[in-house]
Each structure stands twice: as C-alpha cells, then as structure tokens.
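Undergrad: Mind looking over this structure? Questions follow.
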Amino acid sequence: MALVDTQALLARLFTDDELRSEFFEAPVGVASRFGVSADEAHRLASLDRRETEAFAQSLIGKRALYARRALPLTARALGDRFDSLLRKAIRGRESGGKRRTDAAALVALLEKKLAQRELTPAWIVDLARFELAFIEAGGSGPALFLRRFDFDVASIATSLARGEAVNALCRRAFGVWARPPRGRLRWRLFRS
C-alpha cells in the first residue's frame, strides 16, 4: 500500500498548487495525511522545490495544450481566460491521460461560474458542452448522447471557426450524437 499512497501524494503535488506549497512547509506532516510511511515521507521531504515546481508547471502546460485541442472553439472564445479557468478546474485532479477528464472539469467549472453570474458571455457554456459532447461520443463502441442548449451553438461554432464576431441568439437547440456498433459517429442539432 505504501507505493499507492506515495503515488497518490505525488499526483496531487503535481496538480495542486496549494498542497505543493503546504508540502514544502511541512513535508512529513502532509505525507502522513496521505498515509505515507515515515521513511518514505522523509525521502519525499528531500524533493527539490524548484524542480518539483518546474515539473508541475510542465504537466499543467501539457494538460492545457490537450484541453485547447479538445475544446478549440471554447479556448478561442475564452481567450486569455482559458488557461486560468482550466487551472482552477483541474486543481488537485489527475487527468488519467484522458482528454475528456480535463475538458469535463472545465465545463463543470464554467457551468458553476455561469450559475453564480461570474461568467460572460453565457453562451460559452453551451459551446463548451457542445464540444465536450463530441469527445464523449467519440469513444469506442456504440454511443447515444442527447444534449439541450439554450443558444444556437451551431451558428456560434461556425462564427468562431471563421474568425467572425459571434452574434449569439438565445434559441433553444437539442443535439443528438449517435454511433452504431462498428459505425461512424453521426450528430444533428434540432432548433426549436
């Protein structure tokens, strides 16, 4: 079990700025909270802070790059806010090597910020959910995904892809993503 506990602590250290700071102030205490043995805690205490910070930043940068690739239109719409929002969304979370994990965490944060009226424009959440639906439906095996949107996400996505100004209409839409066994993914939006 010691290896599992050590790996869990290291994963959190590389993704959680606050825990990393706390660890370098009291490494043995933090390690013991994670169930790491005293011997292993003392070994971890010898980690170089600058190297650990540099490694953590490179991991976060790599995850941000993958998230930008997974949600390109959302990244374009958020502009400079994308990286800081992603960092908040993934703080303390392991990606597990899956694009979907970080993208879903960002969408959840955007939904929360919209509900708290801390995010504008409101259509960004629908756009992020729209892009996330392709990731979720794009896995292997058969799939059927249904999503409801408050805005005309198709026109928003088209405008952003063309580099045009977005004129978001508050027009409900319903999306369906389907893939039969061994078939191609198909999707369609229905506007109300």
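Naming scheme: A, B, ... for chains in displayed order of the structure tokens; residues 1 onward per chain; ligands 1 onward as shown.
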Give me the residues within 8 Å of Phe145 of chain A as a ChimeraX atom specification, counting only C-alpha atoms and dropping any in the same chain fewer than 5 places off.

TA: /A:133,137,175-178

Undergrad: Write out as an mmCIF file with N, CA, C and O atoms, in the first residue's frame all residues of chain A that backbone DSSP assigns to strand (DSSP E).

TA:
data_model
loop_
_atom_site.group_PDB
_atom_site.id
_atom_site.type_symbol
_atom_site.label_atom_id
_atom_site.label_comp_id
_atom_site.auth_asym_id
_atom_site.auth_seq_id
_atom_site.Cartn_x
_atom_site.Cartn_y
_atom_site.Cartn_z
ATOM 1 N N ALA A 143 -22.697 4.524 -29.171
ATOM 2 C CA ALA A 143 -22.941 5.683 -28.321
ATOM 3 C C ALA A 143 -24.252 6.356 -28.711
ATOM 4 O O ALA A 143 -24.648 6.340 -29.872
ATOM 5 N N LEU A 144 -24.884 6.934 -27.702
ATOM 6 C CA LEU A 144 -26.052 7.779 -27.920
ATOM 7 C C LEU A 144 -26.019 8.860 -26.854
ATOM 8 O O LEU A 144 -26.089 8.572 -25.665
ATOM 9 N N PHE A 145 -25.853 10.103 -27.290
ATOM 10 C CA PHE A 145 -25.802 11.237 -26.380
ATOM 11 C C PHE A 145 -26.838 12.267 -26.801
ATOM 12 O O PHE A 145 -26.968 12.578 -27.988
ATOM 13 N N LEU A 146 -27.535 12.794 -25.827
ATOM 14 C CA LEU A 146 -28.520 13.843 -26.051
ATOM 15 C C LEU A 146 -28.112 15.048 -25.211
ATOM 16 O O LEU A 146 -27.783 14.902 -24.037
ATOM 17 N N ARG A 147 -28.161 16.240 -25.811
ATOM 18 C CA ARG A 147 -27.824 17.457 -25.084
ATOM 19 C C ARG A 147 -28.815 18.556 -25.456
ATOM 20 O O ARG A 147 -29.226 18.660 -26.610
ATOM 21 N N ARG A 148 -29.149 19.385 -24.464
ATOM 22 C CA ARG A 148 -30.015 20.538 -24.678
ATOM 23 C C ARG A 148 -29.172 21.797 -24.534
ATOM 24 O O ARG A 148 -28.320 21.890 -23.652
ATOM 25 N N PHE A 149 -29.413 22.753 -25.406
ATOM 26 C CA PHE A 149 -28.664 24.007 -25.397
ATOM 27 C C PHE A 149 -29.634 25.174 -25.371
ATOM 28 O O PHE A 149 -30.712 25.110 -25.960
ATOM 29 N N ALA A 173 -31.831 24.623 -28.591
ATOM 30 C CA ALA A 173 -31.481 23.578 -29.561
ATOM 31 C C ALA A 173 -31.317 22.268 -28.792
ATOM 32 O O ALA A 173 -31.039 22.258 -27.594
ATOM 33 N N PHE A 174 -31.485 21.199 -29.511
ATOM 34 C CA PHE A 174 -31.368 19.868 -28.943
ATOM 35 C C PHE A 174 -30.398 19.098 -29.832
ATOM 36 O O PHE A 174 -30.567 19.059 -31.049
ATOM 37 N N GLY A 175 -29.358 18.506 -29.240
ATOM 38 C CA GLY A 175 -28.356 17.787 -30.017
ATOM 39 C C GLY A 175 -28.409 16.291 -29.775
ATOM 40 O O GLY A 175 -28.666 15.851 -28.650
ATOM 41 N N VAL A 176 -28.168 15.534 -30.839
ATOM 42 C CA VAL A 176 -28.128 14.075 -30.760
ATOM 43 C C VAL A 176 -26.832 13.618 -31.405
ATOM 44 O O VAL A 176 -26.520 14.005 -32.533
ATOM 45 N N TRP A 177 -26.081 12.790 -30.677
ATOM 46 C CA TRP A 177 -24.865 12.166 -31.176
ATOM 47 C C TRP A 177 -25.086 10.666 -31.087
ATOM 48 O O TRP A 177 -25.418 10.148 -30.021
ATOM 49 N N ALA A 178 -24.901 9.966 -32.192
ATOM 50 C CA ALA A 178 -25.157 8.517 -32.205
ATOM 51 C C ALA A 178 -24.106 7.801 -33.043
ATOM 52 O O ALA A 178 -23.675 8.302 -34.087
ATOM 53 N N ARG A 179 -23.715 6.640 -32.549
ATOM 54 C CA ARG A 179 -22.819 5.778 -33.304
ATOM 55 C C ARG A 179 -23.263 4.340 -33.090
ATOM 56 O O ARG A 179 -23.280 3.849 -31.951
ATOM 57 N N ARG A 186 -22.434 10.015 -35.897
ATOM 58 C CA ARG A 186 -23.283 10.989 -36.594
ATOM 59 C C ARG A 186 -23.904 11.887 -35.529
ATOM 60 O O ARG A 186 -24.190 11.451 -34.424
ATOM 61 N N TRP A 187 -24.113 13.145 -35.925
ATOM 62 C CA TRP A 187 -24.713 14.075 -34.977
ATOM 63 C C TRP A 187 -25.638 15.032 -35.725
ATOM 64 O O TRP A 187 -25.523 15.225 -36.925
ATOM 65 N N ARG A 188 -26.543 15.584 -34.954
ATOM 66 C CA ARG A 188 -27.503 16.532 -35.551
ATOM 67 C C ARG A 188 -28.038 17.450 -34.477
ATOM 68 O O ARG A 188 -28.280 17.019 -33.347
ATOM 69 N N LEU A 189 -28.250 18.708 -34.836
ATOM 70 C CA LEU A 189 -28.872 19.675 -33.940
ATOM 71 C C LEU A 189 -30.274 19.989 -34.441
ATOM 72 O O LEU A 189 -30.481 20.158 -35.653
ATOM 73 N N PHE A 190 -31.190 20.051 -33.520
ATOM 74 C CA PHE A 190 -32.569 20.430 -33.841
ATOM 75 C C PHE A 190 -32.875 21.707 -33.089
ATOM 76 O O PHE A 190 -32.724 21.768 -31.874
ATOM 77 N N ARG A 191 -33.326 22.729 -33.810
ATOM 78 C CA ARG A 191 -33.649 24.014 -33.187
ATOM 79 C C ARG A 191 -35.127 24.109 -32.931
ATOM 80 O O ARG A 191 -35.934 23.646 -33.721
#

Undergrad: Counting only C-alpha atoms, what is within 6 Å of segment 124-130 of chain A, bar same-chain residues fewer than 5 positions away, as a PyMOL selection string?

TA: chain A and resi 74+110+149+153

Undergrad: Suppose you want the space between atom CA of Ala161 of chain A and atom CA of Arg87 of chain A; what is it in Å?

TA: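 Those two atoms sit 24.5 Å apart.
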
Undergrad: Quick check, in Å to one decimal: how far apart do atom CA of Leu10 of chain A and atom CA of Ala38 of chain A lie?

TA: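 Computing it gives 15.4 Å between the two atoms.
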
Undergrad: Among chain A, which ones does DSSP assign to alpha helix (DSSP H) (computed from the backbone)? Answer as a ChimeraX atom specification.

TA: /A:2-15,17-25,27-33,38-44,49-70,72-78,81-90,99-115,123-137,153-162

Undergrad: Which of these residues is nearest to Asp16 of chain A, using only C-alpha atoms: A:Ala70, A:Ile156, A:Ile90, A:Val30?

TA: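 Under the stated criterion, the closest residue is A:Ile90.
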
Undergrad: If I take atom CA of Ala105 of chain A and atom CA of Asp17 of chain A, how far is one from the other in Å, to one decimal?

TA: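 So the two atoms, atom CA of Ala105 of chain A and atom CA of Asp17 of chain A, lie 16.9 Å apart.
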
Undergrad: Would you write out, as CSV, a table of all residues in segment 119-154 of chain A that have an atom no more than 12 Å from an atom of segment 65-69 of chain A, listing for each the closest atom pair and the distance in Å to one decimal, considering only C-alpha atoms and ordering rows by chain and rising residue number?

TA:
residue,atom,partner,partner_atom,distance
A:Ala128,CA,A:Ala67,CA,11.1
A:Glu131,CA,A:Arg69,CA,10.6
A:Leu132,CA,A:Ala67,CA,10.4
A:Ile135,CA,A:Arg69,CA,10.9

Undergrad: Ranking A:Leu169, A:Ser58, A:Glu22, A:Ala103 by minimum distance to Ala75 of chain A and counting only C-alpha atoms, which one comes first?

TA: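 Checking each of A:Leu169, A:Ser58, A:Glu22, A:Ala103 against Ala75 of chain A, counting only C-alpha atoms, the winner is A:Ala103.
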
Undergrad: Skipping near chain neighbours, those fewer than 2 positions away, what residues fall within 12 Å of Leu160 of chain A using only C-alpha atoms, listed as a PyMOL selection string?

TA: chain A and resi 72-79+124+127+153-158+162-168

Undergrad: Applying 12 Å and only C-alpha atoms, which residues near Arg33 of chain A remain after dropping the ones on its own chain fewer than 6 positions away? List them as a PyMOL selection string.

TA: chain A and resi 5-6+8-9+19+22-23+26-27+41

Undergrad: Taking N, CA and C atoms for each residue, export the selection above as a CSV table (one decimal), in the first residue's frame.

TA:
chain,number,residue,atom,x,y,z
A,5,ASP,N,0.0,5.0,-1.9
A,5,ASP,CA,-0.1,6.2,-1.1
A,5,ASP,C,0.9,7.3,-1.6
A,6,THR,N,2.1,6.8,-1.9
A,6,THR,CA,3.1,7.7,-2.4
A,6,THR,C,2.8,8.3,-3.7
A,8,ALA,N,-0.2,8.6,-5.0
A,8,ALA,CA,-1.4,9.5,-4.8
A,8,ALA,C,-0.9,10.9,-4.3
A,9,LEU,N,0.0,10.9,-3.4
A,9,LEU,CA,0.5,12.2,-2.9
A,9,LEU,C,1.3,12.9,-4.0
A,19,LEU,N,-1.5,22.6,-2.1
A,19,LEU,CA,-0.9,21.4,-1.4
A,19,LEU,C,0.6,21.4,-1.6
A,22,GLU,N,2.0,23.8,0.8
A,22,GLU,CA,1.9,23.3,2.1
A,22,GLU,C,2.9,22.2,2.4
A,23,PHE,N,3.1,21.3,1.3
A,23,PHE,CA,4.1,20.2,1.5
A,23,PHE,C,5.5,20.7,1.7
A,26,ALA,N,5.8,21.7,5.4
A,26,ALA,CA,5.8,20.7,6.4
A,26,ALA,C,5.6,19.3,5.6
A,27,PRO,N,6.7,18.8,5.0
A,27,PRO,CA,6.6,17.7,4.1
A,27,PRO,C,6.1,16.4,4.9
A,41,ALA,N,8.1,9.4,3.8
A,41,ALA,CA,7.9,10.8,4.0
A,41,ALA,C,9.2,11.6,4.1
